[in-house]
file target.cif (mmCIF, C-alpha atoms)
data_data
#
loop_
_atom_site.label_atom_id
_atom_site.label_comp_id
_atom_site.auth_asym_id
_atom_site.auth_seq_id
_atom_site.Cartn_x
_atom_site.Cartn_y
_atom_site.Cartn_z
CA MET A 1 -29.97 32.01 21.98
CA PRO A 2 -27.63 32.93 24.85
CA ASP A 3 -23.92 32.62 24.11
CA CYS A 4 -23.37 30.23 27.00
CA VAL A 5 -25.91 27.77 25.53
CA SER A 6 -24.42 27.91 22.01
CA ASN A 7 -20.90 27.49 23.40
CA ALA A 8 -22.03 24.46 25.41
CA LYS A 9 -23.46 22.87 22.24
CA ARG A 10 -20.20 23.47 20.37
CA ARG A 11 -18.26 21.80 23.17
CA LYS A 12 -20.54 18.76 22.97
CA ARG A 13 -20.07 18.46 19.21
CA ARG A 14 -16.26 18.46 19.25
CA PRO A 15 -15.81 14.97 20.76
CA LYS A 16 -18.16 13.57 18.11
CA LEU A 17 -16.03 14.99 15.29
CA ALA A 18 -12.92 13.55 16.92
CA ASP A 19 -14.59 10.14 17.18
CA ILE A 20 -15.51 10.23 13.49
CA ASN A 21 -11.90 10.96 12.56
CA LYS A 22 -10.72 8.05 14.69
CA ARG A 23 -13.23 5.72 13.04
CA HIS A 24 -12.04 6.84 9.63
CA LEU A 25 -8.46 6.05 10.62
CA LEU A 26 -9.36 2.64 12.06
CA VAL A 27 -9.97 0.84 8.76
CA PRO A 28 -6.75 1.92 6.96
CA PHE A 29 -4.61 1.23 10.02
CA LEU A 30 -6.22 -2.19 10.41
CA MET A 31 -5.22 -2.81 6.78
CA LEU A 32 -1.68 -1.65 7.53
CA ALA A 33 -1.45 -3.94 10.58
CA ALA A 34 -2.91 -6.91 8.67
CA VAL A 35 -0.31 -6.56 5.90
CA VAL A 36 2.57 -6.31 8.38
CA ILE A 37 1.36 -9.33 10.39
CA ALA A 38 0.75 -11.50 7.31
CA ASP A 39 4.09 -10.48 5.84
CA GLN A 40 6.11 -11.18 8.97
CA LEU A 41 4.37 -14.49 9.71
CA SER A 42 4.96 -15.71 6.16
CA LYS A 43 8.62 -14.65 6.30
CA SER A 44 9.03 -16.42 9.63
CA TYR A 45 7.68 -19.59 8.02
CA ALA A 46 10.05 -19.16 5.06
CA LEU A 47 13.08 -18.68 7.30
CA ASN A 48 12.22 -21.71 9.42
CA HIS A 49 11.12 -24.15 6.71
CA LEU A 50 12.82 -23.17 3.45
CA THR A 51 16.43 -23.55 2.36
CA GLU A 52 18.07 -20.59 0.65
CA GLY A 53 18.15 -21.00 -3.12
CA ARG A 54 16.30 -24.30 -3.11
CA ILE A 55 13.03 -24.52 -5.05
CA HIS A 56 9.94 -25.88 -3.27
CA ARG A 57 7.19 -26.43 -5.85
CA VAL A 58 3.61 -25.68 -4.81
CA ALA A 59 1.83 -25.75 -8.18
CA GLY A 60 4.44 -27.03 -10.59
CA SER A 61 6.80 -24.44 -11.99
CA PHE A 62 4.05 -21.81 -12.09
CA PHE A 63 3.93 -21.24 -8.32
CA GLN A 64 6.81 -22.16 -6.06
CA PHE A 65 8.76 -21.03 -3.02
CA LYS A 66 12.40 -20.03 -3.30
CA LEU A 67 14.10 -18.35 -0.36
CA VAL A 68 16.37 -15.47 -1.36
CA PHE A 69 17.68 -12.41 0.47
CA ASN A 70 17.62 -8.95 -1.06
CA LYS A 71 20.05 -6.35 0.28
CA GLY A 72 19.14 -3.84 -2.43
CA GLY A 73 15.86 -2.30 -3.51
CA ALA A 74 12.76 -3.49 -5.29
CA LEU A 75 13.19 -5.64 -8.40
CA GLY A 76 16.84 -6.23 -7.56
CA THR A 77 17.90 -2.60 -7.97
CA ASP A 78 21.10 -1.49 -6.27
CA PHE A 79 21.64 2.22 -5.61
CA GLY A 80 23.80 2.05 -2.51
CA SER A 81 24.28 0.49 0.90
CA GLY A 82 21.61 -1.12 3.04
CA ALA A 83 21.56 2.01 5.23
CA PHE A 84 20.50 4.07 2.20
CA TYR A 85 17.51 1.79 1.56
CA LEU A 86 16.57 1.74 5.25
CA ILE A 87 16.61 5.53 5.61
CA SER A 88 14.81 6.14 2.31
CA SER A 89 12.20 3.49 3.19
CA LEU A 90 11.58 5.13 6.58
CA LEU A 91 11.10 8.52 4.92
CA ILE A 92 8.69 7.05 2.38
CA LEU A 93 6.76 5.30 5.16
CA LEU A 94 6.36 8.59 7.06
CA ILE A 95 5.07 10.31 3.93
CA VAL A 96 2.64 7.48 3.21
CA ILE A 97 1.29 7.51 6.79
CA TYR A 98 0.79 11.27 6.45
CA LEU A 99 -1.21 10.65 3.25
CA ILE A 100 -3.36 8.12 5.13
CA VAL A 101 -4.21 10.72 7.78
CA VAL A 102 -4.91 13.44 5.20
CA ASN A 103 -7.23 11.14 3.20
CA ARG A 104 -8.79 9.40 6.22
CA ASP A 105 -12.35 10.23 5.12
CA LYS A 106 -11.77 8.68 1.66
CA LEU A 107 -11.49 4.93 2.21
CA PHE A 108 -10.94 4.14 -1.47
CA ILE A 109 -7.77 6.23 -1.20
CA SER A 110 -6.64 5.67 2.39
CA VAL A 111 -7.00 1.85 2.36
CA PRO A 112 -4.75 1.19 -0.67
CA ILE A 113 -2.28 3.73 0.72
CA ALA A 114 -2.38 1.76 3.98
CA ALA A 115 -1.58 -1.43 2.05
CA ILE A 116 1.44 0.36 0.56
CA ALA A 117 2.48 1.55 4.03
CA GLY A 118 2.09 -1.96 5.45
CA GLY A 119 4.28 -3.37 2.71
CA ALA A 120 6.93 -0.73 3.26
CA ALA A 121 6.84 -1.36 7.02
CA GLY A 122 7.17 -5.12 6.53
CA ASN A 123 10.34 -4.74 4.47
CA ILE A 124 11.72 -2.10 6.85
CA ILE A 125 11.34 -4.58 9.72
CA ASP A 126 13.48 -7.05 7.74
CA ARG A 127 16.22 -4.47 7.14
CA ILE A 128 16.30 -3.51 10.81
CA ARG A 129 16.15 -7.10 12.05
CA ILE A 130 18.51 -8.95 9.68
CA GLY A 131 19.89 -6.26 7.37
CA LYS A 132 18.16 -7.58 4.23
CA VAL A 133 14.69 -8.32 2.89
CA VAL A 134 13.32 -11.87 2.87
CA ASP A 135 11.79 -12.89 -0.49
CA PHE A 136 10.36 -16.32 -1.18
CA ILE A 137 7.32 -16.21 -3.50
CA ASP A 138 8.20 -17.23 -7.06
CA VAL A 139 5.38 -17.06 -9.62
CA ASP A 140 5.71 -17.47 -13.38
CA PHE A 141 3.59 -14.54 -14.56
CA PHE A 142 3.26 -13.55 -18.22
CA ASP A 143 6.47 -12.90 -20.15
CA ILE A 144 7.56 -9.37 -21.05
CA ASN A 145 9.33 -8.72 -24.34
CA ALA A 146 9.11 -5.00 -24.99
CA PHE A 147 11.15 -1.79 -24.72
CA GLY A 148 14.37 -3.75 -24.48
CA LEU A 149 13.08 -5.90 -21.63
CA ASN A 150 13.16 -9.67 -21.89
CA ILE A 151 11.62 -11.18 -18.76
CA ASP A 152 10.57 -14.83 -18.89
CA ARG A 153 10.27 -15.24 -15.13
CA TRP A 154 9.54 -12.47 -12.66
CA TRP A 155 11.50 -11.52 -9.58
CA VAL A 156 11.02 -13.43 -6.34
CA PHE A 157 8.91 -11.32 -3.97
CA ASN A 158 7.06 -11.37 -0.65
CA ILE A 159 3.66 -10.41 0.74
CA ALA A 160 4.89 -6.88 1.48
CA ASP A 161 5.85 -6.42 -2.19
CA ALA A 162 2.47 -7.81 -3.28
CA ALA A 163 0.62 -5.39 -0.97
CA ILE A 164 2.59 -2.44 -2.34
CA THR A 165 1.93 -3.47 -5.94
CA VAL A 166 -1.80 -4.08 -5.44
CA GLY A 167 -2.15 -0.83 -3.48
CA VAL A 168 -0.44 1.22 -6.18
CA ILE A 169 -2.48 -0.38 -9.00
CA PHE A 170 -5.80 0.08 -7.15
CA LEU A 171 -4.93 3.68 -6.30
CA LEU A 172 -3.95 4.55 -9.87
CA VAL A 173 -7.07 2.94 -11.36
CA TYR A 174 -9.33 4.63 -8.82
CA LEU A 175 -7.78 8.08 -9.29
CA LEU A 176 -7.66 7.70 -13.07
CA PHE A 177 -11.33 6.80 -13.51
CA TYR A 178 -13.14 8.09 -10.43
CA GLY A 179 -11.00 11.21 -10.11
CA LYS A 180 -12.05 12.49 -13.55
CA LYS A 181 -15.70 11.72 -12.84
CA ARG A 182 -15.51 13.57 -9.53
CA GLU A 183 -13.92 16.61 -11.20
CA VAL A 184 -16.83 16.74 -13.65
CA ILE A 185 -19.37 16.52 -10.84
CA GLU A 186 -17.64 19.20 -8.77
CA SER A 187 -17.19 21.50 -11.77
CA GLY A 188 -20.90 21.09 -12.49
CA ALA A 189 -21.96 22.18 -9.01
CA GLY A 190 -24.64 24.83 -9.29
CA LEU A 191 -25.48 23.94 -12.90
CA PRO A 192 -28.82 22.47 -13.99
CA THR A 193 -29.02 18.69 -13.84
CA ASP A 194 -29.26 18.27 -17.62
CA LYS A 195 -26.03 20.25 -18.13
CA ILE A 196 -24.18 18.17 -15.52
CA ALA A 197 -25.34 14.98 -17.22
CA GLY A 198 -24.20 16.40 -20.54
CA LYS A 199 -20.72 17.12 -19.16
CA MET A 200 -20.43 13.58 -17.79
CA ASN A 201 -21.40 12.14 -21.17
#

call {"tool": "encode", "arguments": {"input": "target.cif", "output": "structure tokens"}}
result
Amino acid sequence: MPDCVSNAKRRKRRPKLADINKRHLLVPFLMLAAVVIADQLSKSYALNHLTEGRIHRVAGSFFQFKLVFNKGGALGTDFGSGAFYLISSLLILLIVIYLIVVNRDKLFISVPIAAIAGGAAGNIIDRIRIGKVVDFIDVDFFDINAFGLNIDRWWVFNIADAAITVGVIFLLVYLLFYGKKREVIESGAGLPTDKIAGKMN
């Protein structure tokens, strides 16, 4: 085959590969955008309809709204000024977005990472806009009495926090169980089928 023909075919293939990469990025970035939009809309409602510190019961004491403002970090931690949390959050967001791009062809990894990025972005918007994070969801989850911890009611949180938590849990579970299975399959490449099955069992 002449070189000019083969080169022309390569040039035609390149746009298709680029389109595939864009499609792979579409789903995680839609997830990121959805988390940010839901988070900011819910916080706007909380700021306009809730009174700081006042409890608004939705389902008894189990599920209620309570508007609070968090100038520190997650779970009420305090390691410095608001500028420290803003800068560190921005750095984390950049790293997480990089991980989305790197894992764009693995939706079970990129989508939960996108949820984490969306949550981080939602809280960053709060810090830039009003200098503190808006929390308002108060749920009475199970109590914790272990390792010196005595928690009978969890911290007030927001949709961004929930997205980060769910994303981290999903990612850990997926990597813990599927990651090991994938390692076995990849390590068994080139082996007879019965040996691969034996390694998986």

call {"tool": "closest_residue", "arguments": {"input": "target.cif", "among": "A:Arg104, A:Arg153, A:Arg127, A:Arg54", "to": "Lys22 (chain A)", "atoms": "all atoms listed in the file"}}
result
A:Arg104

call {"tool": "closest_residue", "arguments": {"input": "target.cif", "among": "A:Ala46, A:Leu90, A:Val166, A:Val156", "to": "Gly122 (chain A)", "atoms": "all atoms listed in the file"}}
result
A:Leu90

call {"tool": "atom_distance", "arguments": {"input": "target.cif", "atom1": "CA of Val133 (chain A)", "atom2": "CA of Leu25 (chain A)"}}
result
28.3 Å

call {"tool": "closest_residue", "arguments": {"input": "target.cif", "among": "A:Asp39, A:Asp105, A:Glu52, A:Asp140", "to": "Phe69 (chain A)", "atoms": "only C-alpha atoms"}}
result
A:Glu52

call {"tool": "resolve_selection", "arguments": {"input": "target.cif", "expression": "the PyMOL selection byres ((chain A and resi 111) around 8)", "output": "MDAnalysis selection string"}}
result
chainID A and resid 27:28 31 100 107:110 112:115
